[in-house]
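Contents: one structure, followed by commentary.
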Amino acid sequence: MFNVPRRAGNHPRLTFGALAVLFAVAAALIAWATVHKPTLAVVPDPLPQRPPVEVVENLPQLKEQLDRWGGSGQFTGGVLVAKGDTVLYRQVHGFADRSLGKPLELNSRFRLASVSKQFTAAAILKLQDDGKLSVWDPLCKWIQPCPPAWERITLHHLLSHTSGVPDLMARPGWGLRRVTPATVEELTADSMKYGLQFEPGTKVRYDNAGYNLLGVVVEKASGQPLHDYLRTAFFEPLGMKDTGYDDGMSDVVMGYANLAGGPTPQPDANVSIIFAAGALYSTLDDMLAWERALHGGHVLTPHSYGQMIADHAPDDTPNERGKPRRLWGYGIYQKELGRQVRPDFTDNQIWHTGSWSGFRNMVTYQPDADVTVVVLSNNYHQREAVFLLSQQGMAEALGRPFPTAMAR
């Protein structure tokens with residue numbers, strides 16, 4: 001028989017009861033903790049660290065080409081090639097201002113021209129990610145009054161160049177419009193005057209006017225002027241201190257055109273008429289930072305990024321000059337660009353070009369090997385040089401045979 005001394009404490013039944021209560025409380029706490037585990041915040045990978053801005057010439061074939069072309073004036077501008085975050089080549093050749101004998105620098109600012117379109121497209125997609133709009137919104141939801149012909153147009157159509165809105169250059173009086181400053185309201189009113197060139201979604205036709213309309217939508221949805229939104233949403237968070245709106249006071253290098261008297265300054269850019277389609281400036285390294293962030297998942301959600309790089313051209317879009325056509329994304333294209341040089345190579349590239357008022361540019365990215373090539377030239381008439389250099393840099397970085405000529 002169990003005998004408890006008088007001074008031993010409580011009765012054993014009370015002790016067992018207390019232990020049972022404690023056990024039940026402990027079990028309940030364990031169960032609550034299991035069900036209510038604290039949710040850990042998802043921390044995105046840090047942005048890639050920006051490399052120091054210094055001359056790098058670790059692609060010997062590209063260096064030889066640029067030493068030759070830069071010395072002869074066949075190319076003036078800057079070239080950057082990077083694999084991942086590692087810069088393989090960074091160098092500039094030529095003058096920022098010939099009249100002053102001022103050479104280009106590694107951080108010289110170039111007018112981007114239509115390379116700017118990807119920023120407007122990304123702005124629309126980021127506003128979609130933030131729940132402010134959808135690419136499937138009717139254009140007339142954001143622009144009022146709205147012409148009856150525009151009722152069938154969505155933001156998707158504008159982004160993919162399938163809206164049918166006539167481009168600025170396809171309208172009467174382009175020569176005068178090209179040199180006449182315009183407000184955003186004036187540009188929108190001009191676009192309203194013309195009917196559609198085709199039913200929205202049935203064809204693809206390059207359209208600066210459509211991107212200007214997208215700029216209006218960004219302003220309405222964000223409550224900010226377009227270029228303020230781009231600065232706060234992209235440029236400042238990504239450390240792109242040398243990128244912005246080319247307002248004439250941005251220290252952009254002088255652009256040139258090869259006219260009868262040789263390289264001739266082109267000081268009158270009038271980017272007001274392409275405010276959302278081609279009005280930005282940037283540098284080699286800021287464009288590398290943008291490419292790394294955009295394609296590395298730091299700018300858009302995977303869904304919106306997928307929309308940006310997808311092909312949105314109609315299925316019956318014909319080939320280009322007898323060769324497979326480009327894929328029409330939002331503000332960017334995809335294609336095996338290496339097929340256009342000799343010897344050729346077939347790696348897919350995500351890219352866009354730009355040309356305006358003394359500048360010719362190309363920015364391209366190869367996703368499988370994570371290679372970025374940026375070519376910025378301040379000479380409008382160096383189209384083939386810019387393209388060939390971009391593919392030479394890409395080929396050498398990928399370990400492909402070095403192209404020596406354009407395909408004819």
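Chain lettering (A, B, ...) mirrors the order of the structure tokens, residue numbering begins at 1 for each chain separately, and ligand numbering begins at 1 in order of display.
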Using only C-alpha atoms, which protein or nucleic acid residues come within 8 Å of segment 81-83 of chain A? Drop anything in the same chain fewer than 5 positions from it, and give the result as a PDB file with C-alpha atoms, in the first residue's frame.
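Output file part_31.pdb is given in full below:
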```
ATOM      1  CA  LEU A  88      34.651  40.518 -70.831  1.00  0.00           C
ATOM      2  CA  TYR A  89      35.017  43.689 -72.877  1.00  0.00           C
ATOM      3  CA  ARG A  90      34.431  47.388 -72.243  1.00  0.00           C
ATOM      4  CA  LEU A 288      24.237  46.220 -68.367  1.00  0.00           C
ATOM      5  CA  ALA A 369      24.675  31.432 -71.656  1.00  0.00           C
ATOM      6  CA  ASP A 370      23.671  34.662 -69.862  1.00  0.00           C
ATOM      7  CA  VAL A 371      25.623  36.904 -72.235  1.00  0.00           C
ATOM      8  CA  THR A 372      24.860  40.612 -72.661  1.00  0.00           C
ATOM      9  CA  VAL A 373      26.196  42.794 -75.476  1.00  0.00           C
ATOM     10  CA  VAL A 374      25.678  46.573 -75.542  1.00  0.00           C
ATOM     11  CA  GLY A 393      31.028  40.207 -79.310  1.00  0.00           C
ATOM     12  CA  MET A 394      28.245  37.670 -78.807  1.00  0.00           C
ATOM     13  CA  ALA A 397      31.735  35.319 -75.688  1.00  0.00           C
TER      14      ALA A 397
END
```
Proximity of segment 331-388 of chain A to segment 98-105 of chain A: per-residue shortest pair, 12 Å limit, only C-alpha atoms, as a Markdown table:
```
| residue | atom | partner | partner_atom | distance |
| --- | --- | --- | --- | --- |
| A:Leu376 | CA | A:Leu104 | CA | 11.2 |
| A:Ser377 | CA | A:Leu104 | CA | 10.4 |
| A:Asn378 | CA | A:Leu104 | CA | 9.7 |
| A:Asn379 | CA | A:Arg98 | CA | 11.8 |
```
| Tell me, which residues of segment 166-253 of chain A carry DSSP helix (DSSP H, G or I), written as a PyMOL selection string? | chain A and resi 168-170+174-179+184-192+208-222+226-235
Emit the selected residues as a PDB file, in the first residue's frame, including C-alpha atoms.
```pdb
ATOM      1  CA  LEU A 168       4.266  58.858 -86.905  1.00  0.00           C
ATOM      2  CA  MET A 169       6.375  58.278 -90.002  1.00  0.00           C
ATOM      3  CA  ALA A 170       3.445  56.775 -91.940  1.00  0.00           C
ATOM      4  CA  TRP A 174       6.089  63.694 -91.209  1.00  0.00           C
ATOM      5  CA  GLY A 175       8.906  66.035 -92.254  1.00  0.00           C
ATOM      6  CA  LEU A 176       7.347  68.958 -90.391  1.00  0.00           C
ATOM      7  CA  ARG A 177       6.302  66.887 -87.380  1.00  0.00           C
ATOM      8  CA  ARG A 178       9.839  65.496 -87.106  1.00  0.00           C
ATOM      9  CA  VAL A 179      11.283  68.933 -86.306  1.00  0.00           C
ATOM     10  CA  VAL A 184       1.915  64.641 -74.975  1.00  0.00           C
ATOM     11  CA  GLU A 185      -1.595  66.008 -75.473  1.00  0.00           C
ATOM     12  CA  GLU A 186      -0.748  67.173 -78.988  1.00  0.00           C
ATOM     13  CA  LEU A 187       0.707  63.788 -79.914  1.00  0.00           C
ATOM     14  CA  THR A 188      -2.405  62.005 -78.665  1.00  0.00           C
ATOM     15  CA  ALA A 189      -4.684  64.396 -80.536  1.00  0.00           C
ATOM     16  CA  ASP A 190      -2.658  63.848 -83.709  1.00  0.00           C
ATOM     17  CA  SER A 191      -3.067  60.078 -83.438  1.00  0.00           C
ATOM     18  CA  MET A 192      -6.821  60.465 -83.034  1.00  0.00           C
ATOM     19  CA  ASN A 208       6.225  54.629 -82.388  1.00  0.00           C
ATOM     20  CA  ALA A 209       2.815  56.283 -82.044  1.00  0.00           C
ATOM     21  CA  GLY A 210       1.498  53.252 -80.179  1.00  0.00           C
ATOM     22  CA  TYR A 211       4.276  53.523 -77.612  1.00  0.00           C
ATOM     23  CA  ASN A 212       3.551  57.209 -77.119  1.00  0.00           C
ATOM     24  CA  LEU A 213      -0.023  56.195 -76.254  1.00  0.00           C
ATOM     25  CA  LEU A 214       1.345  53.664 -73.774  1.00  0.00           C
ATOM     26  CA  GLY A 215       3.277  56.493 -72.158  1.00  0.00           C
ATOM     27  CA  VAL A 216      -0.030  58.303 -71.602  1.00  0.00           C
ATOM     28  CA  VAL A 217      -1.447  55.157 -69.975  1.00  0.00           C
ATOM     29  CA  VAL A 218       1.554  54.925 -67.629  1.00  0.00           C
ATOM     30  CA  GLU A 219       0.941  58.504 -66.556  1.00  0.00           C
ATOM     31  CA  LYS A 220      -2.766  57.907 -65.938  1.00  0.00           C
ATOM     32  CA  ALA A 221      -2.262  54.633 -64.051  1.00  0.00           C
ATOM     33  CA  SER A 222       0.696  55.769 -61.944  1.00  0.00           C
ATOM     34  CA  LEU A 226       6.194  58.983 -67.468  1.00  0.00           C
ATOM     35  CA  HIS A 227       9.835  59.836 -66.915  1.00  0.00           C
ATOM     36  CA  ASP A 228       9.315  60.435 -63.192  1.00  0.00           C
ATOM     37  CA  TYR A 229       7.736  56.998 -62.952  1.00  0.00           C
ATOM     38  CA  LEU A 230      10.608  55.355 -64.834  1.00  0.00           C
ATOM     39  CA  ARG A 231      13.066  57.050 -62.510  1.00  0.00           C
ATOM     40  CA  THR A 232      11.354  56.015 -59.263  1.00  0.00           C
ATOM     41  CA  ALA A 233      10.306  52.532 -60.416  1.00  0.00           C
ATOM     42  CA  PHE A 234      13.489  51.487 -62.224  1.00  0.00           C
ATOM     43  CA  PHE A 235      16.420  53.852 -62.473  1.00  0.00           C
TER      44      PHE A 235
END
```
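The closest residue to Leu327 of chain A, picked from A:Gln128, A:Gln74, A:Gln391, A:Ser160 and counting only C-alpha atoms, is A:Ser160.
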| query | Can you tell me how far atom CA of Met362 of chain A sits from atom CA of Val375 of chain A, in Å to one decimal? | reply |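 Taking atom CA of Met362 of chain A as the start and atom CA of Val375 of chain A as the end point, the length is 5.3 Å.
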Contacts of Gly248 of chain A at 12 Å (only C-alpha atoms; same-chain gap of 3+ positions) as a compact mmCIF listing (two decimals) with N, CA and C atoms, in the first residue's frame:
```txt
# COMPACT_ATOMS: atom_id res chain seq x y z
N ARG A 111 22.20 58.66 -76.58
CA ARG A 111 20.76 58.63 -76.81
C ARG A 111 20.37 57.21 -77.21
N GLY A 244 18.09 58.50 -68.13
CA GLY A 244 16.95 59.38 -67.93
C GLY A 244 16.43 59.94 -69.22
N TYR A 245 15.61 60.97 -69.10
CA TYR A 245 14.96 61.61 -70.24
C TYR A 245 15.90 62.61 -70.88
N ASP A 251 23.65 66.19 -70.74
CA ASP A 251 25.05 65.89 -71.02
C ASP A 251 25.20 64.65 -71.91
N VAL A 252 24.28 64.51 -72.86
CA VAL A 252 24.39 63.45 -73.86
C VAL A 252 25.46 63.85 -74.87
N VAL A 253 26.26 62.88 -75.32
CA VAL A 253 27.31 63.19 -76.29
C VAL A 253 26.67 63.64 -77.60
N MET A 254 27.44 64.31 -78.41
CA MET A 254 26.94 64.78 -79.70
C MET A 254 26.76 63.60 -80.66
N PRO A 267 22.52 68.18 -83.67
CA PRO A 267 22.19 68.67 -82.33
C PRO A 267 20.69 68.74 -82.04
N ASP A 268 19.85 68.72 -83.06
CA ASP A 268 18.41 68.94 -82.85
C ASP A 268 17.67 67.61 -82.82
N ALA A 269 17.62 67.00 -81.65
CA ALA A 269 17.02 65.67 -81.53
C ALA A 269 15.50 65.71 -81.54
N ASN A 270 14.90 66.71 -80.89
CA ASN A 270 13.44 66.83 -80.76
C ASN A 270 12.80 65.50 -80.34
N VAL A 271 13.27 64.96 -79.21
CA VAL A 271 12.70 63.70 -78.73
C VAL A 271 11.32 63.88 -78.12
N SER A 272 10.82 65.10 -78.09
CA SER A 272 9.46 65.31 -77.56
C SER A 272 8.43 64.52 -78.34
N ALA A 279 13.00 58.36 -76.14
CA ALA A 279 13.52 59.62 -75.62
C ALA A 279 14.53 59.47 -74.48
N LEU A 280 14.99 58.27 -74.19
CA LEU A 280 15.89 58.07 -73.07
C LEU A 280 17.36 58.09 -73.50
N TYR A 281 18.23 58.38 -72.53
CA TYR A 281 19.67 58.24 -72.71
C TYR A 281 20.19 57.28 -71.65
```
| as a ChimeraX atom specification, which residues of segment 59-194 of chain A does DSSP assign to strand (DSSP E)? | /A:77-83,86-93,95-97,102-103,110-111
Those residues you just picked out, can you put them in a file as a PDB file, in the first residue's frame with C-alpha atoms?
```pdb
ATOM      1  CA  GLY A  77      30.994  54.659 -79.775  1.00  0.00           C
ATOM      2  CA  GLY A  78      31.242  52.117 -76.985  1.00  0.00           C
ATOM      3  CA  VAL A  79      30.986  48.327 -76.713  1.00  0.00           C
ATOM      4  CA  LEU A  80      30.411  46.228 -73.599  1.00  0.00           C
ATOM      5  CA  VAL A  81      30.238  42.429 -73.445  1.00  0.00           C
ATOM      6  CA  ALA A  82      29.480  40.552 -70.225  1.00  0.00           C
ATOM      7  CA  LYS A  83      28.904  36.938 -69.265  1.00  0.00           C
ATOM      8  CA  THR A  86      31.683  39.413 -65.427  1.00  0.00           C
ATOM      9  CA  VAL A  87      32.639  42.039 -67.984  1.00  0.00           C
ATOM     10  CA  LEU A  88      34.651  40.518 -70.831  1.00  0.00           C
ATOM     11  CA  TYR A  89      35.017  43.689 -72.877  1.00  0.00           C
ATOM     12  CA  ARG A  90      34.431  47.388 -72.243  1.00  0.00           C
ATOM     13  CA  GLN A  91      35.963  50.108 -74.420  1.00  0.00           C
ATOM     14  CA  VAL A  92      35.066  53.289 -76.331  1.00  0.00           C
ATOM     15  CA  HIS A  93      36.433  54.803 -79.533  1.00  0.00           C
ATOM     16  CA  PHE A  95      34.744  61.629 -79.922  1.00  0.00           C
ATOM     17  CA  ALA A  96      31.984  62.857 -77.673  1.00  0.00           C
ATOM     18  CA  ASP A  97      32.337  66.237 -79.398  1.00  0.00           C
ATOM     19  CA  LYS A 102      36.597  65.736 -76.542  1.00  0.00           C
ATOM     20  CA  PRO A 103      36.973  61.939 -76.558  1.00  0.00           C
ATOM     21  CA  PHE A 110      24.249  58.047 -75.458  1.00  0.00           C
ATOM     22  CA  ARG A 111      20.761  58.633 -76.813  1.00  0.00           C
TER      23      ARG A 111
END
```
| message | Between atom CA of Phe119 of chain A and atom CA of Pro138 of chain A, what distance in Å does the model show, to one decimal? | response |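 Computing it gives 20.8 Å between the two atoms.
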| task | For Gln49 of chain A, work out the shell of residues within 10 Å, counting only C-alpha atoms and skipping chain neighbours fewer than 3 positions away, then give it as a ChimeraX atom specification. | result | /A:46,52,85,289
Could you turn the residues from that selection into a file that holds N, CA and C atoms, as a compact mmCIF listing (two decimals), in the first residue's frame?
```txt
# COMPACT_ATOMS: atom_id res chain seq x y z
N PRO A 46 19.76 39.38 -53.92
CA PRO A 46 20.25 40.76 -54.06
C PRO A 46 20.56 41.08 -55.51
N PRO A 52 33.38 47.50 -61.48
CA PRO A 52 34.02 48.81 -61.64
C PRO A 52 34.06 49.21 -63.11
N ASP A 85 27.78 38.41 -64.51
CA ASP A 85 28.19 39.70 -63.96
C ASP A 85 29.63 40.04 -64.31
N ALA A 289 23.39 46.99 -66.21
CA ALA A 289 22.63 46.84 -64.97
C ALA A 289 21.15 46.55 -65.26
```
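Taking atom CA of Glu396 of chain A as the reference point, atom CA of Asp67 of chain A is found at 16.0 Å.
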